[in-house]
Each structure stands twice: as structure tokens, then as C-alpha cells.
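S.K.: Sharing target26.cif (mmCIF, C-alpha atoms (C1' of nucleotides)) below.
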```
data_structure
#
loop_
_atom_site.group_PDB
_atom_site.id
_atom_site.type_symbol
_atom_site.label_atom_id
_atom_site.label_comp_id
_atom_site.auth_asym_id
_atom_site.auth_seq_id
_atom_site.Cartn_x
_atom_site.Cartn_y
_atom_site.Cartn_z
ATOM 1 C CA MET A 68 108.659 64.586 -63.265
ATOM 2 C CA PHE A 69 106.917 61.928 -65.276
ATOM 3 C CA SER A 70 106.372 63.406 -68.671
ATOM 4 C CA VAL A 71 103.900 61.724 -70.954
ATOM 5 C CA VAL A 72 103.383 62.090 -74.669
ATOM 6 C CA LYS A 73 99.849 63.404 -74.957
ATOM 7 C CA THR A 74 98.206 63.171 -78.351
ATOM 8 C CA GLU A 75 95.653 65.784 -79.251
ATOM 9 C CA GLY A 76 92.125 65.996 -77.863
ATOM 10 C CA GLU A 77 90.805 62.481 -78.276
ATOM 11 C CA ALA A 78 90.828 61.124 -81.827
ATOM 12 C CA THR A 79 92.208 57.632 -82.091
ATOM 13 C CA GLY A 80 95.487 58.357 -80.394
ATOM 14 C CA THR A 81 98.438 56.225 -81.250
ATOM 15 C CA CYS A 82 98.268 53.806 -78.343
ATOM 16 C CA PRO A 83 96.826 50.482 -79.492
ATOM 17 C CA VAL A 84 95.748 49.658 -75.958
ATOM 18 C CA SER A 85 93.528 52.695 -75.665
ATOM 19 C CA ALA A 86 92.303 52.235 -79.237
ATOM 20 C CA MET A 87 91.342 48.705 -78.345
ATOM 21 C CA THR A 88 89.682 49.801 -75.136
ATOM 22 C CA ARG A 89 87.428 52.224 -76.970
ATOM 23 C CA LEU A 90 86.206 49.286 -79.015
ATOM 24 C CA LEU A 91 85.947 46.539 -76.459
ATOM 25 C CA GLY A 92 85.729 48.482 -73.232
ATOM 26 C CA SER A 93 81.979 48.899 -73.150
ATOM 27 C CA ARG A 94 79.512 46.396 -71.823
ATOM 28 C CA TRP A 95 78.254 43.497 -73.991
ATOM 29 C CA THR A 96 80.759 44.031 -76.773
ATOM 30 C CA MET A 97 82.818 40.962 -75.945
ATOM 31 C CA GLN A 98 79.786 38.799 -75.327
ATOM 32 C CA ILE A 99 78.348 39.741 -78.683
ATOM 33 C CA ILE A 100 81.529 38.802 -80.512
ATOM 34 C CA HIS A 101 81.817 35.612 -78.495
ATOM 35 C CA HIS A 102 78.347 34.457 -79.464
ATOM 36 C CA LEU A 103 78.846 35.333 -83.119
ATOM 37 C CA ARG A 104 81.163 32.401 -83.785
ATOM 38 C CA GLN A 105 78.436 31.435 -86.186
ATOM 39 C CA PRO A 106 75.963 33.765 -87.904
ATOM 40 C CA ARG A 107 72.995 34.599 -85.708
ATOM 41 C CA ARG A 108 69.728 36.412 -85.986
ATOM 42 C CA TYR A 109 68.948 39.402 -83.801
ATOM 43 C CA CYS A 110 66.669 37.758 -81.253
ATOM 44 C CA GLU A 111 68.729 34.619 -81.135
ATOM 45 C CA LEU A 112 71.867 36.582 -80.359
ATOM 46 C CA GLN A 113 70.016 38.703 -77.839
ATOM 47 C CA ASP A 114 68.949 35.593 -75.978
ATOM 48 C CA LEU A 115 72.444 34.152 -76.017
ATOM 49 C CA VAL A 116 74.022 37.316 -74.706
ATOM 50 C CA GLY A 117 71.552 37.353 -71.868
ATOM 51 C CA GLU A 118 70.121 40.241 -69.861
ATOM 52 C CA VAL A 119 71.000 42.948 -72.340
ATOM 53 C CA ASN A 120 68.268 45.431 -73.139
ATOM 54 C CA PRO A 121 67.319 46.099 -76.762
ATOM 55 C CA THR A 122 68.309 49.753 -76.792
ATOM 56 C CA THR A 123 71.881 49.040 -75.786
ATOM 57 C CA PHE A 124 71.974 45.873 -77.826
ATOM 58 C CA THR A 125 71.019 47.544 -81.089
ATOM 59 C CA GLN A 126 73.335 50.438 -80.357
ATOM 60 C CA ARG A 127 76.209 48.028 -79.789
ATOM 61 C CA LEU A 128 75.472 46.111 -82.981
ATOM 62 C CA ARG A 129 75.449 49.324 -85.008
ATOM 63 C CA PHE A 130 78.699 50.410 -83.428
ATOM 64 C CA LEU A 131 80.425 47.104 -84.089
ATOM 65 C CA GLU A 132 79.162 47.233 -87.645
ATOM 66 C CA ARG A 133 80.524 50.762 -88.151
ATOM 67 C CA GLN A 134 83.843 49.604 -86.760
ATOM 68 C CA GLY A 135 83.952 46.729 -89.186
ATOM 69 C CA LEU A 136 83.883 43.854 -86.695
ATOM 70 C CA ILE A 137 80.501 42.500 -87.659
ATOM 71 C CA ALA A 138 78.308 42.561 -90.732
ATOM 72 C CA ARG A 139 74.566 42.830 -90.947
ATOM 73 C CA ARG A 140 72.853 40.866 -93.695
ATOM 74 C CA GLU A 141 69.232 41.249 -94.645
ATOM 75 C CA ASP A 142 67.600 38.506 -96.613
ATOM 76 C CA PRO A 143 66.171 40.453 -99.570
ATOM 77 C CA GLU A 144 63.423 37.849 -100.057
ATOM 78 C CA HIS A 145 62.136 37.827 -96.506
ATOM 79 C CA ALA A 146 62.734 41.332 -95.233
ATOM 80 C CA ARG A 147 62.391 40.714 -91.521
ATOM 81 C CA HIS A 148 65.095 38.111 -91.570
ATOM 82 C CA VAL A 149 68.377 39.668 -90.463
ATOM 83 C CA GLU A 150 71.609 37.915 -89.701
ATOM 84 C CA TYR A 151 74.716 39.177 -88.029
ATOM 85 C CA GLU A 152 78.120 37.629 -88.534
ATOM 86 C CA LEU A 153 81.738 38.387 -87.823
ATOM 87 C CA THR A 154 83.973 39.951 -90.424
ATOM 88 C CA PRO A 155 87.562 38.670 -90.771
ATOM 89 C CA GLN A 156 88.570 41.520 -88.491
ATOM 90 C CA GLY A 157 86.128 40.395 -85.848
ATOM 91 C CA ARG A 158 86.990 36.739 -86.280
ATOM 92 C CA GLU A 159 90.601 37.436 -85.432
ATOM 93 C CA LEU A 160 89.509 38.390 -81.951
ATOM 94 C CA LEU A 161 88.138 34.956 -81.164
ATOM 95 C CA PRO A 162 91.407 33.282 -80.114
ATOM 96 C CA ILE A 163 92.149 36.269 -77.887
ATOM 97 C CA LEU A 164 88.681 36.038 -76.421
ATOM 98 C CA ASP A 165 89.298 32.383 -75.753
ATOM 99 C CA ALA A 166 92.518 33.216 -73.954
ATOM 100 C CA LEU A 167 90.660 35.751 -71.838
ATOM 101 C CA ALA A 168 87.968 33.213 -71.101
ATOM 102 C CA ALA A 169 90.600 30.684 -70.058
ATOM 103 C CA TRP A 170 92.122 33.258 -67.759
ATOM 104 C CA ALA A 171 88.708 33.958 -66.250
ATOM 105 C CA GLN A 172 88.071 30.271 -65.854
ATOM 106 C CA LYS A 173 91.327 29.852 -63.970
ATOM 107 C CA TRP A 174 91.108 32.861 -61.672
ATOM 108 C CA LEU A 175 87.475 33.773 -61.408
ATOM 109 C CA LEU A 176 85.462 30.595 -61.437
ATOM 110 C CA ARG A 177 85.930 27.350 -59.578
ATOM 111 C CA MET B 69 62.669 28.824 -79.590
ATOM 112 C CA PHE B 70 66.180 29.620 -78.442
ATOM 113 C CA SER B 71 66.336 28.603 -74.803
ATOM 114 C CA VAL B 72 69.168 29.923 -72.705
ATOM 115 C CA VAL B 73 70.448 28.769 -69.345
ATOM 116 C CA LYS B 74 69.940 31.767 -67.106
ATOM 117 C CA THR B 75 71.824 31.814 -63.835
ATOM 118 C CA GLU B 76 70.282 33.663 -60.906
ATOM 119 C CA GLY B 77 70.157 37.426 -60.508
ATOM 120 C CA GLU B 78 73.715 38.401 -61.283
ATOM 121 C CA ALA B 79 76.374 36.795 -59.082
ATOM 122 C CA THR B 80 79.348 35.498 -61.011
ATOM 123 C CA GLY B 81 77.430 33.306 -63.384
ATOM 124 C CA THR B 82 79.212 30.360 -64.915
ATOM 125 C CA CYS B 83 80.170 31.901 -68.221
ATOM 126 C CA PRO B 84 83.829 32.885 -68.217
ATOM 127 C CA VAL B 85 83.249 35.456 -70.939
ATOM 128 C CA SER B 86 80.733 37.386 -68.893
ATOM 129 C CA ALA B 87 82.853 36.948 -65.761
ATOM 130 C CA MET B 88 85.781 38.380 -67.632
ATOM 131 C CA THR B 89 83.692 41.222 -69.005
ATOM 132 C CA ARG B 90 82.640 42.295 -65.543
ATOM 133 C CA LEU B 91 86.316 42.656 -64.690
ATOM 134 C CA LEU B 92 87.796 44.121 -67.833
ATOM 135 C CA GLY B 93 84.768 45.603 -69.516
ATOM 136 C CA SER B 94 84.861 49.009 -67.875
ATOM 137 C CA ARG B 95 86.913 51.923 -69.024
ATOM 138 C CA TRP B 96 90.572 52.303 -68.009
ATOM 139 C CA THR B 97 90.906 48.814 -66.579
ATOM 140 C CA MET B 98 93.025 47.486 -69.419
ATOM 141 C CA GLN B 99 95.135 50.630 -69.609
ATOM 142 C CA ILE B 100 95.900 50.415 -65.916
ATOM 143 C CA ILE B 101 97.051 46.824 -66.173
ATOM 144 C CA HIS B 102 99.006 47.599 -69.312
ATOM 145 C CA HIS B 103 100.970 50.374 -67.612
ATOM 146 C CA LEU B 104 101.641 48.314 -64.516
ATOM 147 C CA ARG B 105 104.218 46.107 -66.220
ATOM 148 C CA GLN B 106 106.473 47.594 -63.598
ATOM 149 C CA PRO B 107 105.443 48.943 -60.189
ATOM 150 C CA ARG B 108 104.181 52.520 -60.366
ATOM 151 C CA ARG B 109 103.140 55.262 -58.009
ATOM 152 C CA TYR B 110 99.665 56.737 -58.129
ATOM 153 C CA CYS B 111 100.411 59.975 -59.957
ATOM 154 C CA GLU B 112 102.889 58.341 -62.258
ATOM 155 C CA LEU B 113 100.363 55.735 -63.312
ATOM 156 C CA GLN B 114 97.653 58.360 -63.637
ATOM 157 C CA ASP B 115 99.833 60.314 -66.060
ATOM 158 C CA LEU B 116 100.640 57.219 -68.075
ATOM 159 C CA VAL B 117 97.022 56.183 -68.380
ATOM 160 C CA GLY B 118 96.151 59.630 -69.644
ATOM 161 C CA GLU B 119 92.935 61.609 -69.387
ATOM 162 C CA VAL B 120 91.415 59.578 -66.593
ATOM 163 C CA ASN B 121 89.904 61.571 -63.756
ATOM 164 C CA PRO B 122 90.970 60.820 -60.183
ATOM 165 C CA THR B 123 87.573 59.685 -58.939
ATOM 166 C CA THR B 124 87.272 56.968 -61.539
ATOM 167 C CA PHE B 125 90.945 56.171 -61.318
ATOM 168 C CA THR B 126 90.964 55.543 -57.584
ATOM 169 C CA GLN B 127 87.745 53.594 -57.818
ATOM 170 C CA ARG B 128 89.243 51.390 -60.527
ATOM 171 C CA LEU B 129 92.411 50.791 -58.525
ATOM 172 C CA ARG B 130 90.384 49.759 -55.489
ATOM 173 C CA PHE B 131 88.288 47.450 -57.588
ATOM 174 C CA LEU B 132 91.262 45.784 -59.222
ATOM 175 C CA GLU B 133 92.825 45.399 -55.798
ATOM 176 C CA ARG B 134 89.681 43.757 -54.398
ATOM 177 C CA GLN B 135 89.653 41.418 -57.383
ATOM 178 C CA GLY B 136 93.237 40.429 -56.755
ATOM 179 C CA LEU B 137 94.774 41.733 -59.977
ATOM 180 C CA ILE B 138 96.874 44.454 -58.429
ATOM 181 C CA ALA B 139 98.407 45.093 -55.022
ATOM 182 C CA ARG B 140 98.791 48.400 -53.216
ATOM 183 C CA ARG B 141 101.942 48.860 -51.184
ATOM 184 C CA GLU B 142 102.535 51.725 -48.786
ATOM 185 C CA ASP B 143 106.043 52.506 -47.718
ATOM 186 C CA PRO B 144 105.691 52.469 -43.907
ATOM 187 C CA GLU B 145 108.668 54.850 -43.523
ATOM 188 C CA HIS B 146 107.435 57.523 -45.904
ATOM 189 C CA ALA B 147 103.689 57.446 -45.539
ATOM 190 C CA ARG B 148 102.662 59.254 -48.716
ATOM 191 C CA HIS B 149 104.646 56.931 -50.909
ATOM 192 C CA VAL B 150 102.313 54.355 -52.448
ATOM 193 C CA GLU B 151 103.104 51.862 -55.148
ATOM 194 C CA TYR B 152 100.827 49.692 -57.210
ATOM 195 C CA GLU B 153 101.938 46.492 -58.864
ATOM 196 C CA LEU B 154 100.452 43.498 -60.602
ATOM 197 C CA THR B 155 99.817 40.256 -58.764
ATOM 198 C CA PRO B 156 100.576 36.962 -60.528
ATOM 199 C CA GLN B 157 96.909 36.868 -61.506
ATOM 200 C CA GLY B 158 97.200 40.266 -63.099
ATOM 201 C CA ARG B 159 100.508 39.521 -64.730
ATOM 202 C CA GLU B 160 98.982 36.589 -66.580
ATOM 203 C CA LEU B 161 96.846 39.044 -68.501
ATOM 204 C CA LEU B 162 99.785 40.808 -70.077
ATOM 205 C CA PRO B 163 100.350 38.414 -73.010
ATOM 206 C CA ILE B 164 96.635 38.569 -73.756
ATOM 207 C CA LEU B 165 96.746 42.339 -73.611
ATOM 208 C CA ASP B 166 99.657 42.270 -76.006
ATOM 209 C CA ALA B 167 97.652 40.136 -78.395
ATOM 210 C CA LEU B 168 94.791 42.615 -78.189
ATOM 211 C CA ALA B 169 97.167 45.485 -78.765
ATOM 212 C CA ALA B 170 98.603 43.722 -81.805
ATOM 213 C CA TRP B 171 95.100 43.238 -83.135
ATOM 214 C CA ALA B 172 94.356 46.922 -82.609
ATOM 215 C CA GLN B 173 97.608 47.868 -84.276
ATOM 216 C CA LYS B 174 96.691 45.786 -87.291
ATOM 217 C CA TRP B 175 93.082 46.839 -87.719
ATOM 218 C CA LEU B 176 92.669 50.167 -85.993
ATOM 219 C CA LEU B 177 95.843 52.128 -86.543
ATOM 220 C CA ARG B 178 97.853 52.694 -89.654
ATOM 221 C "C1'" DC C 275 112.308 77.843 -40.892
ATOM 222 C "C1'" DG C 276 108.663 78.879 -44.325
ATOM 223 C "C1'" DC C 277 106.724 78.591 -48.644
ATOM 224 C "C1'" DA C 278 106.168 76.266 -53.229
ATOM 225 C "C1'" DT C 279 105.308 72.163 -55.336
ATOM 226 C "C1'" DG C 280 104.052 67.216 -55.536
ATOM 227 C "C1'" DT C 281 101.462 63.158 -53.825
ATOM 228 C "C1'" DG C 282 97.420 60.462 -52.918
ATOM 229 C "C1'" DC C 283 93.562 60.921 -52.577
ATOM 230 C "C1'" DT C 284 87.960 62.668 -51.412
ATOM 231 C "C1'" DA C 285 83.548 65.659 -52.356
ATOM 232 C "C1'" DT C 286 80.234 67.622 -55.150
ATOM 233 C "C1'" DA C 287 77.806 68.486 -59.246
ATOM 234 C "C1'" DT C 288 77.093 67.429 -63.914
ATOM 235 C "C1'" DT C 289 77.195 64.729 -68.055
ATOM 236 C "C1'" DT C 290 77.242 60.517 -70.327
ATOM 237 C "C1'" DT C 291 76.002 55.806 -70.675
ATOM 238 C "C1'" DG C 292 73.126 51.974 -69.824
ATOM 239 C "C1'" DT C 293 68.545 50.178 -68.418
ATOM 240 C "C1'" DA C 294 63.475 49.079 -67.969
ATOM 241 C "C1'" DT C 295 59.406 49.068 -70.178
ATOM 242 C "C1'" DA C 296 56.402 49.689 -73.721
ATOM 243 C "C1'" DG C 297 55.247 49.831 -78.272
ATOM 244 C "C1'" DT C 298 55.210 49.130 -83.461
ATOM 245 C "C1'" DA C 299 55.208 47.638 -88.288
ATOM 246 C "C1'" DA C 300 56.130 43.739 -91.005
ATOM 247 C "C1'" DC C 301 55.951 38.974 -91.679
ATOM 248 C "C1'" DC C 302 54.703 33.899 -90.764
ATOM 249 C "C1'" DG C 303 51.796 30.095 -89.754
ATOM 250 C "C1'" DC C 304 47.415 28.355 -89.269
ATOM 251 C "C1'" DG D 12 42.534 37.550 -90.225
ATOM 252 C "C1'" DC D 13 44.402 36.513 -85.554
ATOM 253 C "C1'" DG D 14 48.176 35.326 -82.619
ATOM 254 C "C1'" DG D 15 52.928 34.958 -82.254
ATOM 255 C "C1'" DT D 16 57.646 36.138 -83.636
ATOM 256 C "C1'" DT D 17 61.142 39.349 -85.475
ATOM 257 C "C1'" DA D 18 63.757 43.471 -85.536
ATOM 258 C "C1'" DC D 19 63.757 46.977 -83.902
ATOM 259 C "C1'" DT D 20 62.440 52.460 -81.826
ATOM 260 C "C1'" DA D 21 60.782 55.808 -78.011
ATOM 261 C "C1'" DT D 22 60.560 57.493 -73.646
ATOM 262 C "C1'" DA D 23 61.775 57.911 -68.984
ATOM 263 C "C1'" DC D 24 64.899 56.692 -65.503
ATOM 264 C "C1'" DA D 25 69.147 54.926 -63.004
ATOM 265 C "C1'" DA D 26 73.927 54.074 -62.799
ATOM 266 C "C1'" DA D 27 78.532 55.146 -64.113
ATOM 267 C "C1'" DA D 28 82.032 58.353 -65.560
ATOM 268 C "C1'" DT D 29 83.705 63.051 -65.640
ATOM 269 C "C1'" DA D 30 85.194 67.874 -64.479
ATOM 270 C "C1'" DT D 31 86.557 70.576 -61.014
ATOM 271 C "C1'" DA D 32 87.888 71.759 -56.643
ATOM 272 C "C1'" DG D 33 89.941 70.906 -52.528
ATOM 273 C "C1'" DC D 34 92.791 68.926 -48.702
ATOM 274 C "C1'" DA D 35 96.250 66.878 -45.521
ATOM 275 C "C1'" DC D 36 100.722 65.369 -45.565
ATOM 276 C "C1'" DA D 37 105.564 65.415 -47.577
ATOM 277 C "C1'" DT D 38 109.518 66.796 -49.708
ATOM 278 C "C1'" DG D 39 112.715 70.263 -51.604
ATOM 279 C "C1'" DC D 40 114.848 74.684 -51.625
ATOM 280 C "C1'" DG D 41 116.644 78.986 -50.291
#
```
Turn the structure described in the file into C-alpha cells.
M.R.:
Amino acid sequence: MFSVVKTEGEATGTCPVSAMTRLLGSRWTMQIIHHLRQPRRYCELQDLVGEVNPTTFTQRLRFLERQGLIARREDPEHARHVEYELTPQGRELLPILDALAAWAQKWLLR
Amino acid sequence: MFSVVKTEGEATGTCPVSAMTRLLGSRWTMQIIHHLRQPRRYCELQDLVGEVNPTTFTQRLRFLERQGLIARREDPEHARHVEYELTPQGRELLPILDALAAWAQKWLLR
DNA sequence: CGCATGTGCTATATTTTGTATAGTAACCGC
DNA sequence: GCGGTTACTATACAAAATATAGCACATGCG
């Protein structure tokens, strides 16, 4: 009775909600973006995000980089100095994140 | 060098971003809320959400109910008629979801 | 009435994802 | 040149999601 338009196998689909979920719907993603309001180094960011483990953390960073939300910058002088920062695409999520945080503040805490 | 305030084991913490992530940061959650703009029956909603499997789907519904974002209503006359709908708490997420969808539309599709 | 089809789930097994823990090479300061 | 920090990777394990099947009740239809 309820017919639904099903896109092919998986791909990106055409539904922005599910597209967005694939990006933000895994653990730590939002936290990472939230704490990247200013450029941060790997360990620094790791500490800010909290109890994330390095395997997942690195994986998430790589994924967000591939998706164009963050950029990884190596200092060519001092090799082991790496900074992560938001791209314009990632930065546009911040006000939305703030709205979500406000919602959480209202309903979840206090 | 970078000290972080660590709350106890897990609990709710005091960071709204991580509180929000625990609620919305698992698969299907956003889709479910998105498709509950009007009250929906189980199967109907399942079809709308897409390729979700019933185990996860039911689990997610129960979780969202426990968290107060959705309500489950059984028709007492016709037992097997169940409807799910958003609570005020859940409904307040819709504009934020729309903003996320608009972001996805801009950057992910087209 | 009796059988097909739909609804709202649950059970079981498997795969996928996330985690804990350890380790490592490069650099940095002293 | 030794100890600590940085930016990771490897391996083994646990938790979460999935596929698939099934099931009791309900409704519709001839």
C-alpha cells in the first residue's frame, strides 16, 4: 500500500537526509567537527574529543578529509607537525551543530 | 599539555555535543525523525526509511521512545494498529534536520 | 467460513564497526 | 643520546548492525 521510491543499491541516493546521515551518523564525527572551530593538532584534538581510540579517530579523520569537510596540513619544515582544520564545507556545519547543542542543552541536560 | 575535563565513566557528561551525539549519532535515527513529520504506522515508516532491517528499526524506535523523542500509540480497539509520532521534544529537531538536509543538498548532491 | 496478505514485531546467526592495547619511527628538548 | 611527545599503525577483541526467517494476530475477499 505504501509505495516508496527506491533508488538503486546504495550509492548516494537522492535523499539529502540519508546522504547527511552517512556522513554524520557515525560516532565521533560531530565531536571532531565541533572541536575544529580552530585548527588543531592530532593529539590536541584527540584529547578534546575525549575517550576516542586512535584507530577510530584516524579512520574518522581520513574519512572526513576524503569527504571534504576537513583538511590535513603538514608543516613541510617540521614533518611531525600536522594540523587539521575545517574546510568551508565543514565550517558551514557549525551553526547547525550549535543548534543541535542548544537542543541537547534544553532537553537532555539540566 | 592539553588538559581536558573528563567526566566520570560515561553517564550523560556535561557536553551537549556529546549528549546529542549519543542520541542522534547512530544510524537511522535522523531518518526516523525526518519521516515522522506526521504520525506513521510501523510498516509505513519502515518503508519510508528504506533499507533498515526490523531488528535495528524496532530497537531504534524503542530507544527514541525511552528518550522522549517519539511516542508509540496503540489503538485499543484494533490491537495490531500502532502509530508512532513525534513528541514536542522530537518536533523541535525538525528545523535543525532541515538545515542539515539543506547543507547536504548543497555539498553532497548535485 | 477459510485462505491470502499485511502488520508489528522477535530470534538466530553473521557481518560490520568500534574498541583496547601495544607498539613504532621521527622529532624535540636538554 | 635519552626521555618525552607526536602522529600514527597493527592486532585482537567486543559491540552494534544486518540478513533472514518466522510468528501470532488482523483484515479483506470470495
S.K.: Might you pull out every residue within 12 Å of range 285-300 of chain C, with only C-alpha atoms (C1' of nucleotides) counted and same-chain residues fewer than 5 positions away left off, and present them as a PyMOL selection string?
M.R.: (chain A and resi 93-95+118-124+126-127+145-148) or (chain B and resi 94-95+122-123) or (chain D and resi 16-34)
S.K.: List, as number ranges by chain, every residue that the PyMOL selection byres ((chain C) within 8 of (chain B)) selects in the file provided.
M.R.: C: 281-283
S.K.: Counting only C-alpha atoms, which residues of chain B sit at most 6 Å from some atom of chain A, and what is each one's closest atom pair with its distance in Å to one decimal, listed by chain and rising residue number, as JSON lines?
M.R.:
```
{"residue": "B:Pro84", "atom": "CA", "partner": "A:Ala168", "partner_atom": "CA", "distance": 5.1}
{"residue": "B:Val85", "atom": "CA", "partner": "A:Ala168", "partner_atom": "CA", "distance": 5.2}
{"residue": "B:Met88", "atom": "CA", "partner": "A:Ala171", "partner_atom": "CA", "distance": 5.5}
{"residue": "B:Gly93", "atom": "CA", "partner": "A:Gly92", "partner_atom": "CA", "distance": 4.8}
{"residue": "B:Ser94", "atom": "CA", "partner": "A:Gly92", "partner_atom": "CA", "distance": 5.5}
{"residue": "B:Arg95", "atom": "CA", "partner": "A:Gly92", "partner_atom": "CA", "distance": 5.6}
{"residue": "B:Ala169", "atom": "CA", "partner": "A:Pro83", "partner_atom": "CA", "distance": 5.1}
{"residue": "B:Ala172", "atom": "CA", "partner": "A:Pro83", "partner_atom": "CA", "distance": 5.3}
{"residue": "B:Gln173", "atom": "CA", "partner": "A:Pro83", "partner_atom": "CA", "distance": 5.5}
```
S.K.: Filtering to C-alpha atoms, could you give me those residues as a PDB file, in the frame of the given file?
M.R.:
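Wrote result-v9.pdb, looks like this:
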```pdb
ATOM      1  CA  PRO B  84      83.829  32.885 -68.217  1.00  0.00           C
ATOM      2  CA  VAL B  85      83.249  35.456 -70.939  1.00  0.00           C
ATOM      3  CA  MET B  88      85.781  38.380 -67.632  1.00  0.00           C
ATOM      4  CA  GLY B  93      84.768  45.603 -69.516  1.00  0.00           C
ATOM      5  CA  SER B  94      84.861  49.009 -67.875  1.00  0.00           C
ATOM      6  CA  ARG B  95      86.913  51.923 -69.024  1.00  0.00           C
ATOM      7  CA  ALA B 169      97.167  45.485 -78.765  1.00  0.00           C
ATOM      8  CA  ALA B 172      94.356  46.922 -82.609  1.00  0.00           C
ATOM      9  CA  GLN B 173      97.608  47.868 -84.276  1.00  0.00           C
TER      10      GLN B 173
END
```
S.K.: To test your reading of the syntax: which residues would the PyMOL selection byres ((chain C and resi 275) around 12) return for the file shown? Reply as a short mmCIF file (atom, residue, chain, number, x, y, z; two decimals) with C-alpha atoms (C1' of nucleotides), keeping the file's coordinate frame.
M.R.:
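Below is the file part32.cif, written as the result:
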```cif
data_model
loop_
_atom_site.label_atom_id
_atom_site.label_comp_id
_atom_site.auth_asym_id
_atom_site.auth_seq_id
_atom_site.Cartn_x
_atom_site.Cartn_y
_atom_site.Cartn_z
"C1'" DG C 276 108.66 78.88 -44.32
"C1'" DC C 277 106.72 78.59 -48.64
"C1'" DC D 40 114.85 74.68 -51.62
"C1'" DG D 41 116.64 78.99 -50.29
#
```
S.K.: When you draw a straight line from CA of Arg105 in chain B to CA of Glu153 in chain B, how long is it in Å?
M.R.: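 Answer for the CA of Arg105 in chain B to CA of Glu153 in chain B separation: 7.7 Å.
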S.K.: Counting all atoms listed in the file, figure out which residue out of A:Glu132, A:Ile99, A:Glu150, A:Ile137 gets nearest to chain D.
M.R.: A:Glu150
S.K.: Around range 89-101 of chain B, with edges along x, y and z and 3 Å added on all six sides, what centre and edge lengths do you get, in Å to one decimal, as JSON?
M.R.:
```
{"center_x": 89.8, "center_y": 46.8, "center_z": -67.1, "size_x": 20.4, "size_y": 17.1, "size_z": 10.9}
```
S.K.: For CA of Leu162 in chain B and CA of Arg140 in chain B, determine how far apart the two atoms are, in Å to one decimal place.
M.R.: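 Calculated distance between CA of Leu162 in chain B and CA of Arg140 in chain B is 18.5 Å.
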S.K.: Compare A:Glu141, A:Leu153, A:Ile100, A:Gln105 by their minimum atom-to-atom distance to chain D, counting only C-alpha atoms (C1' of nucleotides), and give me the closest one.
M.R.: A:Glu141
S.K.: Go through B:Arg108, B:Glu145, B:Arg134, B:Ala139 one by one, measure the shortest atom-to-atom distance of each to chain D using only C-alpha atoms (C1' of nucleotides), and give the residue with the smallest value.
M.R.: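 Closest to chain D of all the choices is B:Glu145.
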